[in-house]
Amino acid sequence: MFGFHQAWSKMMPTIVKVAVPGPFLSPMDYDWPADTASNAVQPGMRVRVPFRNRTQVGLVMALTEHSDVPAHKRKAVVSVLDEAPILSDLDRRFWQWLSRYYHQPIGEVVATALPKRLRQGEPAIAPGEPAWRLSETGRSAESKIPQRAHQQRALWQALLHAGDTPVPQQTLNAQLTQWRPALKRFQEKGWVTAHSMSCALARAVSAESASQKAPNPVLSAEQQAAVDAVSGCDGFGAFLLDGITGSGKTEAYLGMIETVIERGQQALVLVPEIGLTPQTVARFEAYLGQPVAVMHSGLNDTERHCAWSAIRQGEVSVLLGTRSALFTPFANLGLCVLDEEHDLSFKQQDGVRYSARDALVRRAQFEQVPVVLGSATPSLESLRNASLGRYQALHLTQRAAGAQLPELKLLDVRGQPEIAGVSEALLTAMAVHLSQGHQVLLFLNRRGYAPVLMCHDCGWQAHCADCDANLTWHAASRMLKCHHCNAQAAAPSVCPQCGGTHFMPVGQGTEQLEGAMRERFPDKRLLRIDRDTTRQKGQMAALTDQARSGEADILIGTQMLAKGHHFPKVTLVGMIDLDQGLFSCDYRAAERMAQLVIQVAGRAGRGEQAGEVLIQTHHPQHPLLTRLVEQGYGAFAQSALQEREAARLPPFSYQVMIRAESVEAGAAEAFLKAVKNGLNSARMQKGAAAFEATQPSLTVAGPVVAPMMRRQKRWRFQLLLQGTHRGHLHNWLAQIESQCYAHPLARKVRWSIDVDPQEMV
């Protein structure tokens with residue numbers, strides 16, 4: 001069981017603190033066999049332990065000689081799965097901090113952070129990938145291959161071209177079809193030799209860009225100043241790279257990363273969306289001339305394990321990924337970068353509800369390395385941190401290659417005729433730009449054909465049976481779909497309320513917009529990019545490549561097109577139906593709307609031609625819109641910060657949202673009422689006066705019904721904690737946290753703690 005250790009010695013019984021998945025606020029105590037060597041287990045190793053009626057893989061967090069759990073209740077560790085710790089002390093400290101700050105069980109943090117294969121107990125080092133090369137006999141075997149054996153000849157040519165370098169199976173899969181029968185025949189004849197290649201090296205061999213370093217662009221003075229500031233940082237430092245759209249933030253990141261690699265260190269780069277990784281990986285590998293590891297939810301378990309293992313062992317210098325890449329252990333981390341730092345997708349909305357942005361800053365602090373947060377529309381929190389000196393602000397104020405920022409204009413569409421939500425003024429502008437051979441991008445942040453299908457005779461609307469929401473009409477598939485719970489049903493042929501047969505769509509979606517534009521511009525090529533058209537692996541990259549190359553004249557899409565894409569031929573951007581951001585129950589809605597406007601607008605005019613952005617609105621005099629369009633995002637953000645300060649809202653205060661949902665309407669509300677009573681009791685036990693003196697301005701509001709009261713057949717309520725001092729707020733919550741888990745209703749409701757919530761949903 002512990003055969004890889006040769007030193008055995010008697011010792012006092014040791015308590016092993018193990019993090020296992022479950023609602024346990026601290027690691028669980030297990031006995032270490034008294035007759036087993038003390039050096040057989042160390043913090044950071046995985047062990048297999050008995051858990052209820054089965055065994056479970058857990059992570060050793062600490063060793064101690066004392067336990068509060070009685071000896072007769074403790075069980076012994078079954079086996080050790082690693083010969084050495086798979087996590088450093090810094091990694092474990094970071095995970096423990098994240099558990100405490102976000103009030104999440106440490107075992108759940110470990111389950112979130114480790115790749116699935118490691119959670120299942122497989123070896124930490126990813127298995128090698130099979131590869132083959134021609135033997136000496138095989139190199140001279142061309143004349144022995146039949147002329148009509150095309151697959152054998154293709155395989156032989158591929159192996160011969162590689163020379164002495166074994167060719168991994170992923171390369172053969174990419175270059176050839178049905179090559180395995182040919183390989184089997186070569187093996188039978190002794191023409192090939194089999195090898196095992198590290199998965200990271202196999203990918204490097206397969207990636208053509210990894211061996212062809214592109215000429216690096218000349219950095220502008222502003223870009224170089226940003227690179228020098230970060231590269232000159234000795235130890236921890238947080239930087240906010242505030243660069244307008246198209247200003248070359250990626251080139252600045254690459255300059256910073258190149259310096260780090262020259263020092264023999266590694267870099268972690270987080271991006272908001274899976275769809276951005278293919279194009280970003282290609283740019284990184286071409287610039288750096290070496291492979292880049294990738295980690296995101298679109299990879300299979302083997303691919304994620306490979307990237308994790310390669311970075312941990314130092315086989316690859318750069319890891320590019322979405323928020324989950326935050327947890328990857330590095331051999332020698334030297335720089336952290338987070339692009340589009342304002343983006344909501346960096347906040348995990350289920351399970352362990354962490355902010356990858358905030359947690360990355362904390363990890364960089366643990367590792368004593370610089371961290372760079374980049375955006376053209378920085379979040380109000382980051383702008384506030386920069387104003388307080390917590391972050392050093394770096395600015396990129398000029399677009400690359402002399403391109404100019406597009407001109408933003410408001411289109412007053414009140415009382416104007418529309419086609420699928422597009423006004424005549426916007427249609428006229430589209431015709432002008434298209435006639436000049438340019439591309440047009442229409443932005444509508446709503447997929448499907450229409451958000452509502454209504455009976456024209458009686459007004460009946462198709463509602464989701466499980467959610468307080470309408471079903472979206474998808475005309476192409478003739479299906480009604482709920483975009484909240486994914487329920488779907490065939491559209492009715494007769495109205496279930498009046499028996500009528502005349503249905504009408506209400507509102508617009510990207511599918512309807514696409515059809516209308518095909519009718520209006522029949523000679524133009526259209527490309528729609530939304531979640532419905534990019535479901536399969538690789539579709540997003542393929543469609544964005546088509547858009548970038550100019551294969552389509554009119555691009556139609558949702559916010560998937562707003563982030564980081566470079567479409568040099570787009571000169572006109574039309575934004576449809578953004579007014580909903582002006583009148584929301586969420587105080588962050590206006591900030592999100594402003595960021596979205598600037599990000600989408602940034603797709604225009606990135607090439608040689610100037611760009612134009614037309615924003616349709618029914619509220620052309622709204623102060624937020626006019627300030628954004630006339631004075632820019634910076635002026636908008638300063639005004640928004642003043643409003644937040646006056647209202648004592650984040651970032652001038654701190655919040656924790658406790659949510660609960662249940663099948664029974666009253667259970668979730670009752671649970672939150674119990675939590676509130678516990679908070680008030682904690683206040684009274686200390687004495688109201690003393691509590692207010694040491695923990696001022698702490699409030700609890702609710703429980704109230706969530707904006708969407710019912711979702712997936714569950715009734716939803718929420719409780720909001722707020723305070724002007726972060727530490728006091730967390731201490732207050734910590735006093736009753738164990739009571740939450742012990743409450744009888746805790747097992748009857750789904751409940752969660754969301755620290756620094758980003759959505760009031």
# chains A, B, ... in the order shown; residues from 1 in each chain; ligands from 1
call {"tool": "residues_around", "arguments": {"residues": "segment 82-99 of chain A", "least_positions_apart": "6", "cutoff": "6 Å", "atoms": "only C-alpha atoms", "output": "ChimeraX atom specification"}}
result
/A:44-45,106
call {"tool": "write_last_selection", "arguments": {"atoms": "N, CA, C and O atoms", "output": "PDB file, in the first residue's frame"}}
result
ATOM      1  N   GLY A  44      -0.393  18.212   0.864  1.00  0.00           N
ATOM      2  CA  GLY A  44      -0.340  18.385  -0.583  1.00  0.00           C
ATOM      3  C   GLY A  44      -0.424  17.089  -1.355  1.00  0.00           C
ATOM      4  O   GLY A  44      -0.499  17.102  -2.582  1.00  0.00           O
ATOM      5  N   MET A  45      -0.432  15.942  -0.651  1.00  0.00           N
ATOM      6  CA  MET A  45      -0.608  14.644  -1.297  1.00  0.00           C
ATOM      7  C   MET A  45      -2.091  14.271  -1.315  1.00  0.00           C
ATOM      8  O   MET A  45      -2.869  14.722  -0.476  1.00  0.00           O
ATOM      9  N   ILE A 106     -13.807  23.568   2.316  1.00  0.00           N
ATOM     10  CA  ILE A 106     -12.496  23.364   1.697  1.00  0.00           C
ATOM     11  C   ILE A 106     -12.504  22.162   0.750  1.00  0.00           C
ATOM     12  O   ILE A 106     -11.841  22.178  -0.291  1.00  0.00           O
TER      13      ILE A 106
END
call {"tool": "select_by_dssp", "arguments": {"residues": "segment 195-335 of chain A", "states": "strand (DSSP E)", "output": "ChimeraX atom specification"}}
result
/A:195-197,237-243,266-270,293-295,318-321,333-335
call {"tool": "select_by_dssp", "arguments": {"residues": "segment 132-239 of chain A", "states": "alpha helix (DSSP H)", "output": "number ranges by chain"}}
result
A: 136-139, 150-162, 169-175, 180-189, 199-206, 221-231
call {"tool": "write_last_selection", "arguments": {"atoms": "N, CA and C atoms", "output": "short mmCIF file (atom, residue, chain, number, x, y, z; two decimals), in the first residue's frame"}}
result
data_model
loop_
_atom_site.label_atom_id
_atom_site.label_comp_id
_atom_site.auth_asym_id
_atom_site.auth_seq_id
_atom_site.Cartn_x
_atom_site.Cartn_y
_atom_site.Cartn_z
N GLU A 136 15.04 1.97 -39.44
CA GLU A 136 16.00 2.01 -40.56
C GLU A 136 15.47 1.22 -41.75
N THR A 137 14.82 0.10 -41.46
CA THR A 137 14.23 -0.70 -42.55
C THR A 137 13.09 0.05 -43.21
N GLY A 138 12.30 0.73 -42.39
CA GLY A 138 11.16 1.45 -42.92
C GLY A 138 11.53 2.60 -43.83
N ARG A 139 12.67 3.23 -43.59
CA ARG A 139 13.07 4.39 -44.40
C ARG A 139 13.30 4.00 -45.87
N HIS A 150 -2.83 3.79 -51.07
CA HIS A 150 -2.69 5.23 -50.86
C HIS A 150 -2.53 5.60 -49.39
N GLN A 151 -3.24 4.91 -48.51
CA GLN A 151 -3.14 5.24 -47.09
C GLN A 151 -1.76 4.89 -46.54
N GLN A 152 -1.20 3.76 -47.01
CA GLN A 152 0.13 3.38 -46.57
C GLN A 152 1.18 4.37 -47.06
N ARG A 153 1.04 4.80 -48.30
CA ARG A 153 1.99 5.76 -48.87
C ARG A 153 1.91 7.10 -48.15
N ALA A 154 0.67 7.54 -47.82
CA ALA A 154 0.50 8.81 -47.12
C ALA A 154 1.13 8.74 -45.73
N LEU A 155 0.94 7.62 -45.04
CA LEU A 155 1.51 7.46 -43.71
C LEU A 155 3.04 7.42 -43.80
N TRP A 156 3.55 6.69 -44.76
CA TRP A 156 5.01 6.59 -44.91
C TRP A 156 5.62 7.97 -45.17
N GLN A 157 4.97 8.77 -46.02
CA GLN A 157 5.47 10.11 -46.32
C GLN A 157 5.45 10.99 -45.06
N ALA A 158 4.40 10.90 -44.28
CA ALA A 158 4.29 11.71 -43.06
C ALA A 158 5.39 11.35 -42.07
N LEU A 159 5.66 10.05 -41.90
CA LEU A 159 6.70 9.62 -40.97
C LEU A 159 8.09 9.95 -41.50
N LEU A 160 8.28 9.83 -42.80
CA LEU A 160 9.58 10.16 -43.39
C LEU A 160 9.88 11.65 -43.25
N HIS A 161 8.86 12.47 -43.46
CA HIS A 161 9.04 13.92 -43.37
C HIS A 161 9.44 14.34 -41.96
N ALA A 162 9.01 13.59 -40.95
CA ALA A 162 9.33 13.94 -39.56
C ALA A 162 10.75 13.58 -39.18
N GLN A 169 -0.01 10.62 -32.25
CA GLN A 169 -1.26 10.25 -32.90
C GLN A 169 -2.14 11.45 -33.22
N GLN A 170 -2.06 12.53 -32.42
CA GLN A 170 -2.90 13.69 -32.73
C GLN A 170 -2.46 14.36 -34.03
N THR A 171 -1.17 14.27 -34.36
CA THR A 171 -0.70 14.81 -35.64
C THR A 171 -1.21 13.96 -36.79
N LEU A 172 -1.15 12.64 -36.61
CA LEU A 172 -1.65 11.75 -37.66
C LEU A 172 -3.15 11.92 -37.85
N ASN A 173 -3.86 12.12 -36.74
CA ASN A 173 -5.31 12.35 -36.85
C ASN A 173 -5.62 13.61 -37.64
N ALA A 174 -4.77 14.64 -37.45
CA ALA A 174 -5.01 15.91 -38.12
C ALA A 174 -4.65 15.86 -39.60
N GLN A 175 -3.66 15.03 -39.95
CA GLN A 175 -3.14 15.04 -41.32
C GLN A 175 -3.71 13.94 -42.20
N ARG A 180 -4.68 4.03 -39.18
CA ARG A 180 -4.35 2.96 -38.23
C ARG A 180 -4.13 1.59 -38.90
N PRO A 181 -4.97 1.19 -39.88
CA PRO A 181 -4.67 -0.09 -40.56
C PRO A 181 -3.30 -0.09 -41.23
N ALA A 182 -2.93 1.05 -41.82
CA ALA A 182 -1.61 1.14 -42.45
C ALA A 182 -0.51 1.03 -41.41
N LEU A 183 -0.71 1.68 -40.26
CA LEU A 183 0.30 1.61 -39.21
C LEU A 183 0.44 0.18 -38.70
N LYS A 184 -0.67 -0.51 -38.54
CA LYS A 184 -0.60 -1.89 -38.06
C LYS A 184 0.22 -2.75 -39.02
N ARG A 185 0.04 -2.51 -40.32
CA ARG A 185 0.80 -3.28 -41.31
C ARG A 185 2.30 -2.94 -41.22
N PHE A 186 2.61 -1.65 -41.01
CA PHE A 186 4.01 -1.25 -40.87
C PHE A 186 4.64 -1.89 -39.64
N GLN A 187 3.86 -1.97 -38.55
CA GLN A 187 4.38 -2.58 -37.33
C GLN A 187 4.66 -4.07 -37.54
N GLU A 188 3.78 -4.74 -38.26
CA GLU A 188 3.98 -6.16 -38.54
C GLU A 188 5.25 -6.40 -39.34
N LYS A 189 5.60 -5.46 -40.22
CA LYS A 189 6.78 -5.60 -41.05
C LYS A 189 8.04 -5.04 -40.40
N CYS A 199 2.43 14.56 -23.37
CA CYS A 199 1.30 15.16 -24.08
C CYS A 199 1.60 16.59 -24.49
N ALA A 200 2.39 17.31 -23.67
CA ALA A 200 2.74 18.68 -24.03
C ALA A 200 3.65 18.71 -25.25
N LEU A 201 4.62 17.81 -25.30
CA LEU A 201 5.51 17.76 -26.45
C LEU A 201 4.76 17.31 -27.69
N ALA A 202 3.80 16.39 -27.51
CA ALA A 202 2.99 15.93 -28.64
C ALA A 202 2.22 17.09 -29.25
N ARG A 203 1.69 17.94 -28.41
CA ARG A 203 0.96 19.09 -28.93
C ARG A 203 1.91 20.06 -29.63
N ALA A 204 3.12 20.22 -29.09
CA ALA A 204 4.09 21.12 -29.71
C ALA A 204 4.48 20.64 -31.11
N VAL A 205 4.62 19.32 -31.25
CA VAL A 205 4.93 18.76 -32.56
C VAL A 205 3.78 18.99 -33.52
N SER A 206 2.55 18.88 -33.00
CA SER A 206 1.37 19.02 -33.85
C SER A 206 1.09 20.46 -34.24
N ALA A 221 5.07 53.49 -27.89
CA ALA A 221 5.68 54.02 -26.68
C ALA A 221 4.85 53.67 -25.45
N GLU A 222 3.50 53.76 -25.59
CA GLU A 222 2.63 53.43 -24.47
C GLU A 222 2.70 51.94 -24.13
N GLN A 223 2.70 51.11 -25.16
CA GLN A 223 2.79 49.67 -24.92
C GLN A 223 4.12 49.32 -24.24
N GLN A 224 5.21 49.89 -24.73
CA GLN A 224 6.52 49.60 -24.16
C GLN A 224 6.61 50.09 -22.72
N ALA A 225 6.00 51.23 -22.44
CA ALA A 225 6.00 51.75 -21.07
C ALA A 225 5.27 50.79 -20.13
N ALA A 226 4.16 50.22 -20.62
CA ALA A 226 3.42 49.25 -19.81
C ALA A 226 4.25 48.00 -19.57
N VAL A 227 4.90 47.51 -20.63
CA VAL A 227 5.76 46.32 -20.50
C VAL A 227 6.88 46.58 -19.50
N ASP A 228 7.51 47.75 -19.61
CA ASP A 228 8.64 48.07 -18.72
C ASP A 228 8.18 48.17 -17.26
N ALA A 229 6.99 48.75 -17.05
CA ALA A 229 6.50 48.91 -15.67
C ALA A 229 6.27 47.56 -15.02
N VAL A 230 5.66 46.64 -15.74
CA VAL A 230 5.37 45.32 -15.18
C VAL A 230 6.64 44.49 -15.06
N SER A 231 7.47 44.53 -16.10
CA SER A 231 8.71 43.73 -16.08
C SER A 231 9.67 44.20 -15.01
#
call {"tool": "residues_around", "arguments": {"residues": "Met479 of chain A", "least_positions_apart": "6", "cutoff": "7 Å", "atoms": "only C-alpha atoms", "output": "list in words"}}
result
Trp473, Gln488, Ala489, Ala490 and Ala491 of chain A
call {"tool": "write_last_selection", "arguments": {"atoms": "C-alpha atoms", "output": "mmCIF file, in the first residue's frame"}}
result
data_model
loop_
_atom_site.group_PDB
_atom_site.id
_atom_site.type_symbol
_atom_site.label_atom_id
_atom_site.label_comp_id
_atom_site.auth_asym_id
_atom_site.auth_seq_id
_atom_site.Cartn_x
_atom_site.Cartn_y
_atom_site.Cartn_z
ATOM 1 C CA TRP A 473 -39.710 30.940 -30.128
ATOM 2 C CA GLN A 488 -38.260 22.850 -24.672
ATOM 3 C CA ALA A 489 -41.479 21.841 -26.399
ATOM 4 C CA ALA A 490 -42.934 21.794 -29.883
ATOM 5 C CA ALA A 491 -44.921 24.899 -30.756
#
call {"tool": "atom_distance", "arguments": {"atom1": "atom CA of Val369 of chain A", "atom2": "atom CA of Met295 of chain A"}}
result
21.2 Å
call {"tool": "residues_around", "arguments": {"residues": "segment 574-590 of chain A", "least_positions_apart": "2", "cutoff": "6 Å", "atoms": "only C-alpha atoms", "output": "PyMOL selection string"}}
result
chain A and resi 442-444+592-593+613-616+760
call {"tool": "residues_around", "arguments": {"residues": "segment 535-543 of chain A", "least_positions_apart": "2", "cutoff": "12 Å", "atoms": "only C-alpha atoms", "output": "PyMOL selection string"}}
result
chain A and resi 273-282+297-300+526-533+545-552+555-557+560-561+565+567
call {"tool": "atom_distance", "arguments": {"atom1": "atom CA of Gln404 of chain A", "atom2": "atom CA of Leu380 of chain A"}}
result
25.6 Å
call {"tool": "closest_atom_pairs", "arguments": {"of": "segment 567-686 of chain A", "to": "segment 750-755 of chain A", "cutoff": "8 Å", "atoms": "only C-alpha atoms", "output": "CSV"}}
result
residue,atom,partner,partner_atom,distance
A:Gln655,CA,A:Val755,CA,6.5
A:Val656,CA,A:Val755,CA,4.5
A:Met657,CA,A:Asp754,CA,5.0
A:Ile658,CA,A:Ile753,CA,4.7
A:Arg659,CA,A:Ser752,CA,5.3
A:Ala660,CA,A:Trp751,CA,4.1
A:Glu661,CA,A:Arg750,CA,5.3
A:Ser662,CA,A:Arg750,CA,6.4
A:Ala668,CA,A:Arg750,CA,7.9
call {"tool": "closest_residue", "arguments": {"among": "A:His725, A:His743, A:His433, A:His484", "to": "Lys569 of chain A", "atoms": "only C-alpha atoms"}}
result
A:His433
